[in-house]
Amino acid sequence: MHPIPARHLLVAGALLVLTNGPVFYIANRVLENGQSWEEPFTRAVFVSVALVAFAAVALDRFRLDGVRLAPQSLVASAAIIGFAGWALLSSLWSLSPEITRGRSLIYVGLAALAWIIADLDFRDFRRALVVASFGAVALSVVAVVLSEAVGTDKNDDWRGVFTNRNSLAPIAGVALITGISLMIDSHGRRRVAVAVIPIVSGVTMLNSGSRTASFAVLVASGAALLVVAAKIGGDRFGPRARWGCAAAGLAGGAVTMVVIRQLWGEPTFIQRRTIWSFVWDRVAERPLHGFGWFNVWSDPEFISADPLLGRGSAHGSFLEVWLGLGLVGLLPFLVIVGLALYGTVTAAWKRPSIASWTWLALVLFLVIENLTESFVLWFSYNWVLLMVAALKSGVGRRRAAEPGRHEPSELANA
């Protein structure tokens, strides 16, 4: 049995930390220090992850085994550096300069972590993500079983080791997608054992009561399946297969619009629309440079206009970036998201496989979640994975990969 490489352990551990749940559980329930980004234990954990990732990239050229981190998309790299750099620079005009400066430095480390993850081949990446995502799900199930007061909220929805159901449900969705992928790639008794991952993750997501996460999983996995099926079907059976997939896609799109219209009038979206309206008004005050990265929700004066603003985010990453970093910061953010989508769609169409389906379903799910939640904040795994997908998109000039290793920019490698 070969030892697990240190960078694989780093990736799995870092992604588990970036789910946020276990960190806040220890800070709040074990240490009884409360829930705060500036709480000493919480801050130390995220700073440590960022420092280790940054050090791993900075010292990569001194590796004794001669295996270097492979070059990634230059366009994505420039956008990621631009985003992190502008976030750090925004401390000059931030409402809370020290908070913005400290948190933005962690985002530099998250960019380094994304570079490390982008270097992994698909199987190693999936293994690390399954360990992290299902690890968080499993811990949450244990929390629910051991203590309803801890594991569930006032509405009896599961929250596990997370602060709320809207944090548990998305990571369960990630575990569900990657678990299905791993199960399909497995055989015999191992497939039966691996089936536990998507089953438990699906049950957890449903019991969280988060309809947005369940909806996002269905849309993302279904859309990814149609892209792969259209390509494979068209190659094997001709244009009729592709027309069939296109018809199925249109039908699915119509159903999706109906569901969105029904959800739009429910309390969760009424509250979000109130928050979005407020955020948009504040965006108009500083449209170009914003109010400073990841700080406005800690400012009492800023959030005093409405009780809903005390929930700590704009509930939408696109508005969140515009609010904190203005149009200047929104541009690299859109480039990163666009490259992630372009790379995964292109890979699924050109090289249909379980790997390309997994990547496309995962990125679509992450993007959909960012429409209603601010996952670009919170030092989240969601943001890191989108940067990874952008780096692996293959857009931009790249040097040739080292002999004997996979080219990391190919999202569909297996």
# chains A, B, ... in the order shown; residues from 1 in each chain; ligands from 1
>>> residues_around(residues="A:Gly292", least_positions_apart="4", cutoff="7 Å", atoms="only C-alpha atoms", output="list in words")
Ser90, Ser91, Trp93, Ser94, Leu95, Thr100, Gly324 and Leu325 of chain A
>>> residues_around(residues="stretch 127-142 of chain A", least_positions_apart="4", cutoff="8 Å", atoms="only C-alpha atoms", output="JSON, numbers by chain")
{"A": [8, 9, 11, 12, 13, 15, 16, 19, 21, 22, 123, 146, 151, 159, 160, 161, 162, 168, 171, 172, 174, 175, 178, 179, 197, 201, 204]}
>>> write_last_selection(atoms="C-alpha atoms", output="mmCIF file, in the first residue's frame")
data_model
loop_
_atom_site.group_PDB
_atom_site.id
_atom_site.type_symbol
_atom_site.label_atom_id
_atom_site.label_comp_id
_atom_site.auth_asym_id
_atom_site.auth_seq_id
_atom_site.Cartn_x
_atom_site.Cartn_y
_atom_site.Cartn_z
ATOM 1 C CA HIS A 8 -3.338 15.093 -1.047
ATOM 2 C CA LEU A 9 -3.697 15.169 2.736
ATOM 3 C CA VAL A 11 -6.067 19.298 0.076
ATOM 4 C CA ALA A 12 -8.533 17.003 1.882
ATOM 5 C CA GLY A 13 -7.878 18.645 5.246
ATOM 6 C CA LEU A 15 -11.320 21.560 2.052
ATOM 7 C CA LEU A 16 -12.830 20.098 5.230
ATOM 8 C CA THR A 19 -16.653 23.843 4.807
ATOM 9 C CA GLY A 21 -18.889 23.786 9.956
ATOM 10 C CA PRO A 22 -16.369 21.796 12.031
ATOM 11 C CA ARG A 123 -9.167 10.669 -9.319
ATOM 12 C CA LEU A 146 -26.426 12.512 19.470
ATOM 13 C CA GLY A 151 -27.909 18.961 15.209
ATOM 14 C CA ARG A 159 -27.940 21.618 10.477
ATOM 15 C CA GLY A 160 -25.458 19.110 11.911
ATOM 16 C CA VAL A 161 -22.121 20.671 12.870
ATOM 17 C CA PHE A 162 -22.941 23.756 10.787
ATOM 18 C CA LEU A 168 -25.074 21.922 5.546
ATOM 19 C CA ILE A 171 -21.839 20.490 1.146
ATOM 20 C CA ALA A 172 -24.228 17.537 1.162
ATOM 21 C CA VAL A 174 -21.226 18.274 -3.287
ATOM 22 C CA ALA A 175 -20.878 14.932 -1.494
ATOM 23 C CA THR A 178 -18.972 13.279 -6.128
ATOM 24 C CA GLY A 179 -20.339 10.196 -4.381
ATOM 25 C CA ILE A 197 -21.978 8.191 0.305
ATOM 26 C CA SER A 201 -25.677 12.734 1.547
ATOM 27 C CA THR A 204 -28.996 14.720 4.783
#
>>> closest_residue(among="A:Thr152, A:Ser298, A:Ser147, A:Ser214", to="A:Ile177", atoms="only C-alpha atoms")
A:Ser214
>>> closest_residue(among="A:Ser73, A:Ser210, A:Thr163, A:Ser380", to="A:Gln35", atoms="only C-alpha atoms")
A:Thr163
>>> atom_distance(atom1="atom CA of A:Ala169", atom2="atom CA of A:Met205")
4.8 Å
>>> residues_around(residues="stretch 384-392 of chain A", least_positions_apart="4", cutoff="8 Å", atoms="only C-alpha atoms", output="ChimeraX atom specification")
/A:72-74,76-77,80,110-111,113-115,117-118,336-341,343-344,359,363,366,380,408-411
>>> residues_around(residues="stretch 239-249 of chain A", least_positions_apart="2", cutoff="10 Å", atoms="only C-alpha atoms", output="VMD selection string")
chain A and resid 222 to 223 225 to 237 251 to 255
>>> write_last_selection(atoms="N, CA and C atoms", output="compact mmCIF listing (two decimals), in the first residue's frame")
# COMPACT_ATOMS: atom_id res chain seq x y z
N GLY A 222 -28.64 17.12 -13.91
CA GLY A 222 -29.43 16.84 -15.10
C GLY A 222 -28.88 17.53 -16.33
N ALA A 223 -28.51 18.80 -16.20
CA ALA A 223 -27.95 19.54 -17.33
C ALA A 223 -26.63 18.92 -17.78
N LEU A 225 -25.71 15.83 -17.43
CA LEU A 225 -26.02 14.54 -18.05
C LEU A 225 -26.49 14.72 -19.49
N LEU A 226 -27.30 15.75 -19.73
CA LEU A 226 -27.80 15.99 -21.08
C LEU A 226 -26.67 16.37 -22.04
N VAL A 227 -25.70 17.15 -21.55
CA VAL A 227 -24.57 17.53 -22.41
C VAL A 227 -23.76 16.30 -22.80
N VAL A 228 -23.45 15.46 -21.82
CA VAL A 228 -22.67 14.25 -22.08
C VAL A 228 -23.46 13.28 -22.96
N ALA A 229 -24.75 13.12 -22.66
CA ALA A 229 -25.58 12.19 -23.43
C ALA A 229 -25.76 12.66 -24.87
N ALA A 230 -25.89 13.98 -25.06
CA ALA A 230 -26.06 14.51 -26.42
C ALA A 230 -24.83 14.22 -27.26
N LYS A 231 -23.65 14.38 -26.67
CA LYS A 231 -22.42 14.13 -27.41
C LYS A 231 -22.26 12.65 -27.72
N ILE A 232 -22.40 11.80 -26.71
CA ILE A 232 -22.23 10.35 -26.92
C ILE A 232 -23.31 9.82 -27.84
N GLY A 233 -24.56 10.24 -27.59
CA GLY A 233 -25.68 9.77 -28.41
C GLY A 233 -25.55 10.22 -29.85
N GLY A 234 -25.13 11.47 -30.05
CA GLY A 234 -24.97 11.98 -31.41
C GLY A 234 -23.88 11.25 -32.17
N ASP A 235 -22.78 10.93 -31.49
CA ASP A 235 -21.68 10.21 -32.14
C ASP A 235 -22.08 8.79 -32.50
N ARG A 236 -22.92 8.18 -31.68
CA ARG A 236 -23.27 6.78 -31.92
C ARG A 236 -24.53 6.60 -32.77
N PHE A 237 -25.50 7.48 -32.57
CA PHE A 237 -26.80 7.26 -33.21
C PHE A 237 -27.23 8.39 -34.15
N ALA A 251 -37.57 20.87 -22.21
CA ALA A 251 -38.61 20.48 -21.26
C ALA A 251 -38.14 20.70 -19.83
N GLY A 252 -36.88 20.30 -19.58
CA GLY A 252 -36.33 20.52 -18.24
C GLY A 252 -36.23 21.99 -17.91
N GLY A 253 -35.86 22.82 -18.90
CA GLY A 253 -35.79 24.26 -18.68
C GLY A 253 -37.15 24.85 -18.35
N ALA A 254 -38.19 24.36 -19.03
CA ALA A 254 -39.55 24.85 -18.77
C ALA A 254 -39.98 24.50 -17.35
N VAL A 255 -39.70 23.26 -16.95
CA VAL A 255 -40.04 22.84 -15.59
C VAL A 255 -39.26 23.67 -14.57
>>> atom_distance(atom1="atom CA of A:Ile81", atom2="atom CA of A:Leu327")
16.0 Å
>>> select_by_dssp(residues="stretch 134-219 of chain A", states="helix (DSSP H, G or I)", output="PyMOL selection string")
chain A and resi 134-146+148-151+165-185+188-194+196-208+211-219
>>> atom_distance(atom1="atom CA of A:Phe41", atom2="atom CA of A:Val23")
8.3 Å
